[in-house]
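**Student:** Got a structure here, written out as structure tokens. Questions coming.
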Amino acid sequence: MNRRDVLTVGFTGGLLAATGFAREAQRPNILFCIADDASMKSFGAYGCNYIKTPSVDRLAREGVVFNNAYNCNPKCAPARACLVTGRYSWQLKEACNHFPHFPAEFEFYPHLLMKAGYHVGFTGKGWGPGSYDTKHNPAGPAYSQIKLKAPYKGISNKDYAANFAAFLNEKKEGQSFCFWLGTHEPHRGYEKGAWKKAGRKLSDAEVPPFYPDNDTIRGDLLDYANEVEWYDTHVGRAVQALEEKGLMDNTLIVVTSDHGMPFPRVKGQLYEEGFHVPMVAYWKGVIQPGRRVDDFVSFPDVAPTFMEAAGLKPHKQMTGKSFLDVLRSSKSGQVDPSRDHVLLGKERHDTGRSNEDGIDLTYPVRAIRTKEFFYVHNIKPERWPVGNPEHGLRNCDGSPTKKYLTDLKPGDTEYRYYEMSFGKRPEEELYQIRKDPHCMNNLAANPEYAATKKQLRKQMETELTAQGDPRTLGQVDVFEHYEYTGKPFNYERKR
């Protein structure tokens, strides 16, 4: 018996004793389901009423709901980079940015599990967008050949659940698997007005307070709702495939999204709805049903959790902290008292930001989120947070909502909504998050909160220094000069 087998048997035996459940002594399967641009508040398990997500809600009832899960960096490529490596965004060099070339020095948990004997694969969207040096996507070998006829324009023709079933058919008898089911939905674009085909009513939509309430924005939210439900459909079909093959008893299922919805002030932005993500976990016989936990978990914590669940030691590069103990606990509320905050940040997402210092500039931010407060340090507040207006505000996807807001002019009664989404921001922001979950009332200049602001910034910078964040250590230009692998942006044409 080699060392890995000893670890596996020892872990599984301890798990049996700890849970009191009679289980086969086998490493668990892992099914990781990730939506592309779905807000936490878009799922029934988190209180949404107008978007129906019965599959995710079922897993929530039969598993555990994380009330405080965060993505570390609210854009597709950097958020997913944290997931596959188990590292904080600012520890990933080029992969801290959007559309990067992934540095070859980093290991990916799907590849590590594949080396350990797991059957590994992904469908739909894995890590990306960007380039990488490995044979397979960082999420594993691709399974996206099976297609379907999508119900609306803008929805991918990839049959995610069918591809997952095909993956399972290739699994050897008794072999554990790890699969990444990544839908392209609800990423834009949408079929405009598809909500009408779905039989929805404009009155159903729930409009956040940072948008004006009108038919344009309600319709846009309802088109988005169709695509969140499409993600939920494939989660349900994947679960059905497991049930049909008798694999539910030893499969850890984790359901999440990479960041918030593709709307202004959400996707790509360091406000609550952009980085606070859904996370639901199911594991029959290990996770006690019906739990809700308040522990703060972050995307860098996912890879070490999966490694430990597989009976393997997390790779030495992984700086996130496994939350397997939280999954196995019988408690709700706060399980691990040390999990009382997370750090967040961003550098360059999309190009389209320039000034006299150059082009393709970053918008560097570091932040800390605790139970009571959200503190933000906008390190270059003289720059446009969503990109320059003259370049099209490129760190915000095109949409009817974006067009409505950008058509507003100074002096319009609703112009404040444009400024909330696209205007320049002060160097410091502070929000009393429980009272102000939409981050509408900045307390940073209020002298009553001066001590709180000072303490949060000190805690944040102390931890970032310990983690080797180049920005905090004064290496101010390092993220500016990394390659952007997306379509080149023609600044001269835009000027």
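Residues are named by chain letter and number: chains run A, B, ... in the order of the structure tokens, numbers start at 1 in each chain, and ligands are numbered from 1 in the order shown.
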Need to verify the contact set: segment 131-137 of chain A, 8 Å, only C-alpha atoms, exclusion of same-chain residues closer than 6 positions in sequence. Can you return it as a PyMOL selection string?

**Tutor:** chain A and resi 99-104+485

**Student:** Contacts of segment 156-172 of chain A at 9 Å or less, counting only C-alpha atoms, minus same-chain residues fewer than 3 places along, as JSON, numbers by chain?

**Tutor:** {"A": [119, 120, 121, 122, 123, 124, 143, 144, 145, 146, 147, 148, 149, 150, 153, 175, 176, 177, 179, 180, 181, 182, 183, 184, 185, 233, 234, 235, 236, 237, 238, 239, 241, 242, 245]}

**Student:** Suppose you want the space between atom CA of Leu343 of chain A and atom CA of Thr401 of chain A; what is it in Å?

**Tutor:**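 Separation of atom CA of Leu343 of chain A and atom CA of Thr401 of chain A: 29.5 Å.
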
**Student:** For Thr53 of chain A, which of A:Ala77, A:Asp232, A:Tyr109, A:Arg87 is the closest residue, counting only C-alpha atoms?

**Tutor:** A:Asp232

**Student:** Can you tell me, as a PDB file with C-alpha atoms, in the first residue's frame, what residues are no more than 12 Å from Met420 of chain A when counting only C-alpha atoms, ignoring any on the same chain fewer than 2 positions away?

**Tutor:**
ATOM      1  CA  PRO A 209     -32.241  50.216  -5.479  1.00  0.00           C
ATOM      2  CA  PHE A 210     -29.175  51.268  -7.509  1.00  0.00           C
ATOM      3  CA  TYR A 211     -31.274  51.180 -10.725  1.00  0.00           C
ATOM      4  CA  PRO A 212     -34.316  53.210 -11.729  1.00  0.00           C
ATOM      5  CA  PRO A 264     -23.904  47.683 -14.198  1.00  0.00           C
ATOM      6  CA  ARG A 265     -22.452  48.068 -10.695  1.00  0.00           C
ATOM      7  CA  VAL A 266     -22.441  44.275 -10.197  1.00  0.00           C
ATOM      8  CA  GLN A 269     -17.253  45.666  -9.415  1.00  0.00           C
ATOM      9  CA  TYR A 271     -19.779  45.975  -4.350  1.00  0.00           C
ATOM     10  CA  PRO A 385     -13.509  52.301 -12.269  1.00  0.00           C
ATOM     11  CA  VAL A 386     -15.457  50.754 -15.160  1.00  0.00           C
ATOM     12  CA  LEU A 405     -28.104  54.426 -17.825  1.00  0.00           C
ATOM     13  CA  THR A 406     -25.530  55.719 -20.308  1.00  0.00           C
ATOM     14  CA  GLU A 414     -32.191  59.891 -12.702  1.00  0.00           C
ATOM     15  CA  TYR A 415     -28.569  60.824 -13.475  1.00  0.00           C
ATOM     16  CA  ARG A 416     -27.493  59.693  -9.999  1.00  0.00           C
ATOM     17  CA  TYR A 417     -28.038  56.097 -11.172  1.00  0.00           C
ATOM     18  CA  TYR A 418     -25.474  56.589 -13.924  1.00  0.00           C
ATOM     19  CA  PHE A 422     -19.976  54.420 -13.787  1.00  0.00           C
ATOM     20  CA  GLY A 423     -18.740  57.504 -11.927  1.00  0.00           C
ATOM     21  CA  LYS A 424     -15.377  57.899 -10.253  1.00  0.00           C
ATOM     22  CA  ARG A 425     -15.142  56.717  -6.665  1.00  0.00           C
ATOM     23  CA  PRO A 426     -13.467  58.132  -3.567  1.00  0.00           C
ATOM     24  CA  HIS A 438     -26.537  47.413  -1.504  1.00  0.00           C
ATOM     25  CA  CYS A 439     -23.623  49.694  -0.527  1.00  0.00           C
ATOM     26  CA  MET A 440     -25.555  52.924  -0.981  1.00  0.00           C
ATOM     27  CA  ASN A 441     -24.349  54.992   2.007  1.00  0.00           C
ATOM     28  CA  ASN A 442     -20.582  55.530   2.148  1.00  0.00           C
TER      29      ASN A 442
END

**Student:** Per residue of segment 18-131 of chain A within 8 Å of segment 345-359 of chain A, which atom pair is closest and at what distance in Å (one decimal), using only C-alpha atoms, listed by chain and increasing number, as JSON lines?

**Tutor:**
{"residue": "A:Cys72", "atom": "CA", "partner": "A:Gly345", "partner_atom": "CA", "distance": 6.3}
{"residue": "A:Asn73", "atom": "CA", "partner": "A:Gly345", "partner_atom": "CA", "distance": 5.4}
{"residue": "A:Pro74", "atom": "CA", "partner": "A:Lys346", "partner_atom": "CA", "distance": 7.5}
{"residue": "A:Lys75", "atom": "CA", "partner": "A:His349", "partner_atom": "CA", "distance": 7.0}
{"residue": "A:Ser89", "atom": "CA", "partner": "A:Gly345", "partner_atom": "CA", "distance": 7.3}
{"residue": "A:Trp90", "atom": "CA", "partner": "A:Gly345", "partner_atom": "CA", "distance": 7.6}
{"residue": "A:Cys96", "atom": "CA", "partner": "A:Glu347", "partner_atom": "CA", "distance": 6.8}
{"residue": "A:Asn97", "atom": "CA", "partner": "A:Arg348", "partner_atom": "CA", "distance": 5.1}
{"residue": "A:His98", "atom": "CA", "partner": "A:His349", "partner_atom": "CA", "distance": 4.5}
{"residue": "A:Phe99", "atom": "CA", "partner": "A:His349", "partner_atom": "CA", "distance": 7.5}
